[in-house]
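Here the structure is laid out as structure tokens; the discussion comes afterwards.
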Amino acid sequence: MTTTETNKRDWVELEHKYYQGTFKRQPLTLVRGKGTRVWDVDGKVYLDFVAGIAVNVLGHCHPAVVKAVQEQVEQLVHVSNLYYNVRQIELAEQLAQVSGGMRSFFSNSGAEANEGAIKLARKYGRLHRNGAYEIISMERSFHGRTLATTAATGQASYQATWVPLPDGFRQVPYNDLDALKAATSEKTVGVLLEAVQGEGGIWPGTPEFIQGVRQWCDEQNLVMICDEVQAGMGRTGKFFSWEHYGIVPDIVTMAKGLAGGVPIGAMLTGPRTDVFEYGDHGTTFGGNPIATAAGVATVRTILEENLLENASKMGAYWRSKLEAACAKYPFIDSPRGIGLMQAVHVSNDLAPVIVQKALEHGLLLNNLGPSTLRMIPPLNLSAEEIDEAADILDRTLADVAQLLAAQA
Ligand code: PLP
């Protein structure tokens with residue numbers, strides 16, 4: 001289809017007709033991306049601070065990812081996991097290097113990575129904790145949309161429609177070690193948490209809590225699982241967000257940014273919980289040559305281009321802009337986050353209004369519910385792009401202030 005033909009079709013209407021209505025989409029049809037920018041079907045350009053919901057860690061169409069995928073697609077698109085696959089092994093080797101020697105299992109998504117982690121923990125419980133199987137996860141957490149990961153997700157709104165959910169999950173308040181200890185029983189096999197909660201509103205764990213969980217798991221022979229699907233891949237300025245806390249989990253799950261935009265998931269384990277044996281788990285597509293080729297290029301680029309350091313520096317710079325905005329506009333406050341995983345609180349349920357206005361001004365932002373604005377841009381973001389985004393944000397917030405003044 002030519003560009004002119006693409007422009008002529010009413011994609012919103014066609015979507016309503018042909019696609020199942022599970023997504024509340026912005027009124028925007030995107031057709032091209034380069035770095036931190038995306039273009040819509042009418043040729044309008046946007047600065048992208050959503051980045052595919054923390055997926056495009058190198059921005060859109062990074063040359064290293066494009067080249068890796070192009071080369072791989074011409075060589076070998078897919079082989080089953082019945083055979084050894086060079087790219088898959090290379091990516092596992094890279095992840096071992098950044099995780100202190102963990103071994104990988106690749107899947108296709110974050111939810112599937114977490115399913116694998118849950119199974120691994122249950123196997124550990126069967127072998128080493130008298131058949132214990134229950135996972136304690138956190139209120140306000142998000143772990144995916146399969147039934148088991150929905151049961152692990154600590155948000156009632158995601159669970160209500162799907163009861164009965166699989167047995168073996170319970171939630172405790174985040175950052176509350178006493179509650180976790182009180183909830184632990186002989187049935188408990190592990191603790192599943194995000195060291196920085198993402199979908200729940202960008203809430204970093206306290207050092208006392210994250211370190212306390214590690215200690216509790218050691219004392220009680222429990223498995224500590226860190227869901228790094230959103231906070232991993234350098235987003236917080238360290239490769240894994242748990243590194244900020246000086247701990248090492250037993251099991252780590254990843255997805256989103258791992259292959260720079262190509263679908264992938266991964267479940268990593270240290271030696272204590274490396275208990276899967278032949279036949280315990282499997283996947284047709286997981287760790288496919290294209291996804292893992294993109295993964296190898298993404299991890300290599302993050303390390304070679306010092307993007308952890310950049311995420312840290314640019315995160316601090318963007319945070320200073322957010323703090324200035326909070327000081328200027330009374331309807332936003334409480335900036336929070338680590339690195340390039342930032343959020344602000346928005347009063348009066350105005351977050352969707354800000355997202356809409358920012359879009360009109362050419363900046364893509366994302367709201368988590370009505371009162372949280374989330375920003376998760378690429379790790380190779382520049383200071384100039386931050387200046388530009390801050391300028392657009394200021395004009396956006398000025399519009400909203402005017403709107404409020406008109407209503408008063
Ligand atoms: N875990 C976390 C922390 C996430 O943020 C998400 C998605 O937002 C998931 C798991 C689920 O990942 P996926 O949508 O790839 O299944």
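Chain labels A, B, ... are given in the sequence in which chains occur in the structure tokens; within each chain residues are numbered consecutively from 1, and ligands are likewise numbered from 1 in the order shown.
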Write out as CSV the residues of segment 169-196 of chain A that have any atom within 9 Å of an atom of segment 238-260 of chain A, one row each with the nearest atom pair and its distance in Å to one decimal, counting only C-alpha atoms, sorted by chain and then rising number.
```
residue,atom,partner,partner_atom,distance
A:Glu194,CA,A:Ser241,CA,8.5
A:Ala195,CA,A:Trp242,CA,5.7
A:Val196,CA,A:Ser241,CA,6.9
```
**Study point:** Environment of ligand 1 within 6 Å, counting only C-alpha atoms and all ligand atoms, reported as a list in words
**Key:**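 Those residues are Ser109, Gly110, Ala111, Phe142, His143, Gly144, Gly198, Glu199, Asp227, Val229, Gln230, Ala255 and Lys256 of chain A.
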Take the residues from that selection and put them in a file with C-alpha atoms, as a short mmCIF file (atom, residue, chain, number, x, y, z; two decimals), in the first residue's frame.
```cif
data_model
loop_
_atom_site.label_atom_id
_atom_site.label_comp_id
_atom_site.auth_asym_id
_atom_site.auth_seq_id
_atom_site.Cartn_x
_atom_site.Cartn_y
_atom_site.Cartn_z
CA SER A 109 6.28 -11.58 26.73
CA GLY A 110 6.51 -10.40 30.29
CA ALA A 111 3.47 -12.37 31.40
CA PHE A 142 1.39 -5.65 37.82
CA HIS A 143 2.65 -8.95 36.45
CA GLY A 144 0.66 -9.66 33.29
CA GLY A 198 5.63 0.37 37.15
CA GLU A 199 1.96 0.10 36.16
CA ASP A 227 9.90 -8.71 37.99
CA VAL A 229 9.87 -6.40 32.90
CA GLN A 230 9.46 -2.62 33.13
CA ALA A 255 10.61 -8.49 28.58
CA LYS A 256 9.70 -5.03 27.17
#
```
Would you please give, as an mmCIF file with all heavy atoms, in the first residue's frame, all residues of segment 14-52 of chain A that DSSP assigns to alpha helix (DSSP H) based on the backbone?
```cif
data_model
loop_
_atom_site.group_PDB
_atom_site.id
_atom_site.type_symbol
_atom_site.label_atom_id
_atom_site.label_comp_id
_atom_site.auth_asym_id
_atom_site.auth_seq_id
_atom_site.Cartn_x
_atom_site.Cartn_y
_atom_site.Cartn_z
ATOM 1 N N LEU A 14 -11.940 1.728 11.062
ATOM 2 C CA LEU A 14 -11.654 0.327 10.700
ATOM 3 C C LEU A 14 -11.282 -0.494 11.932
ATOM 4 O O LEU A 14 -11.671 -1.654 12.076
ATOM 5 C CB LEU A 14 -10.525 0.272 9.663
ATOM 6 C CG LEU A 14 -10.899 0.778 8.266
ATOM 7 C CD1 LEU A 14 -9.658 0.979 7.409
ATOM 8 C CD2 LEU A 14 -11.862 -0.197 7.589
ATOM 9 N N GLU A 15 -10.536 0.135 12.849
ATOM 10 C CA GLU A 15 -10.169 -0.574 14.080
ATOM 11 C C GLU A 15 -11.413 -0.945 14.865
ATOM 12 O O GLU A 15 -11.564 -2.073 15.341
ATOM 13 C CB GLU A 15 -9.232 0.298 14.935
ATOM 14 C CG GLU A 15 -8.523 -0.463 16.038
ATOM 15 C CD GLU A 15 -9.143 -0.363 17.411
ATOM 16 O OE1 GLU A 15 -10.269 0.189 17.557
ATOM 17 O OE2 GLU A 15 -8.533 -0.843 18.357
ATOM 18 N N HIS A 16 -12.329 0.009 14.989
ATOM 19 C CA HIS A 16 -13.559 -0.264 15.748
ATOM 20 C C HIS A 16 -14.346 -1.411 15.113
ATOM 21 O O HIS A 16 -14.948 -2.223 15.804
ATOM 22 C CB HIS A 16 -14.427 0.989 15.811
ATOM 23 C CG HIS A 16 -13.836 2.055 16.679
ATOM 24 N ND1 HIS A 16 -14.277 3.359 16.696
ATOM 25 C CD2 HIS A 16 -12.801 2.033 17.549
ATOM 26 C CE1 HIS A 16 -13.548 4.071 17.544
ATOM 27 N NE2 HIS A 16 -12.652 3.281 18.067
ATOM 28 N N LYS A 17 -14.257 -1.493 13.811
ATOM 29 C CA LYS A 17 -15.003 -2.537 13.099
ATOM 30 C C LYS A 17 -14.330 -3.910 13.235
ATOM 31 O O LYS A 17 -14.996 -4.916 13.415
ATOM 32 C CB LYS A 17 -15.089 -2.136 11.621
ATOM 33 C CG LYS A 17 -15.968 -3.022 10.799
ATOM 34 C CD LYS A 17 -16.239 -2.368 9.453
ATOM 35 C CE LYS A 17 -16.985 -3.329 8.541
ATOM 36 N NZ LYS A 17 -17.003 -2.843 7.161
ATOM 37 N N TYR A 18 -12.999 -3.933 13.153
ATOM 38 C CA TYR A 18 -12.309 -5.226 12.996
ATOM 39 C C TYR A 18 -11.511 -5.686 14.207
ATOM 40 O O TYR A 18 -11.054 -6.822 14.244
ATOM 41 C CB TYR A 18 -11.349 -5.164 11.798
ATOM 42 C CG TYR A 18 -12.065 -5.014 10.485
ATOM 43 C CD1 TYR A 18 -11.821 -3.920 9.667
ATOM 44 C CD2 TYR A 18 -12.994 -5.966 10.065
ATOM 45 C CE1 TYR A 18 -12.478 -3.777 8.455
ATOM 46 C CE2 TYR A 18 -13.658 -5.828 8.852
ATOM 47 C CZ TYR A 18 -13.394 -4.736 8.056
ATOM 48 O OH TYR A 18 -14.044 -4.604 6.875
ATOM 49 N N ALA A 51 7.504 5.593 24.495
ATOM 50 C CA ALA A 51 8.455 4.597 23.984
ATOM 51 C C ALA A 51 7.898 3.168 24.029
ATOM 52 O O ALA A 51 8.539 2.244 24.534
ATOM 53 C CB ALA A 51 9.785 4.700 24.742
ATOM 54 N N GLY A 52 6.673 3.037 23.497
ATOM 55 C CA GLY A 52 6.085 1.689 23.436
ATOM 56 C C GLY A 52 5.885 1.095 24.820
ATOM 57 O O GLY A 52 5.954 -0.122 24.998
#
```
Exercise for review: Please identify all polymer residues within 9 Å of Ala183 of chain A, counting only C-alpha atoms, omitting same-chain residues fewer than 4 positions from it, and present them as a PyMOL selection string.
Suggested key: chain A and resi 136+170-172+178-179+188
**Study point:** Coordinates-based distance that separates atom CA of Gln97 of chain A from atom CA of Pro289 of chain A (Å, one decimal)
**Key:**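 Rounded to one decimal, the two atoms are 20.0 Å apart.
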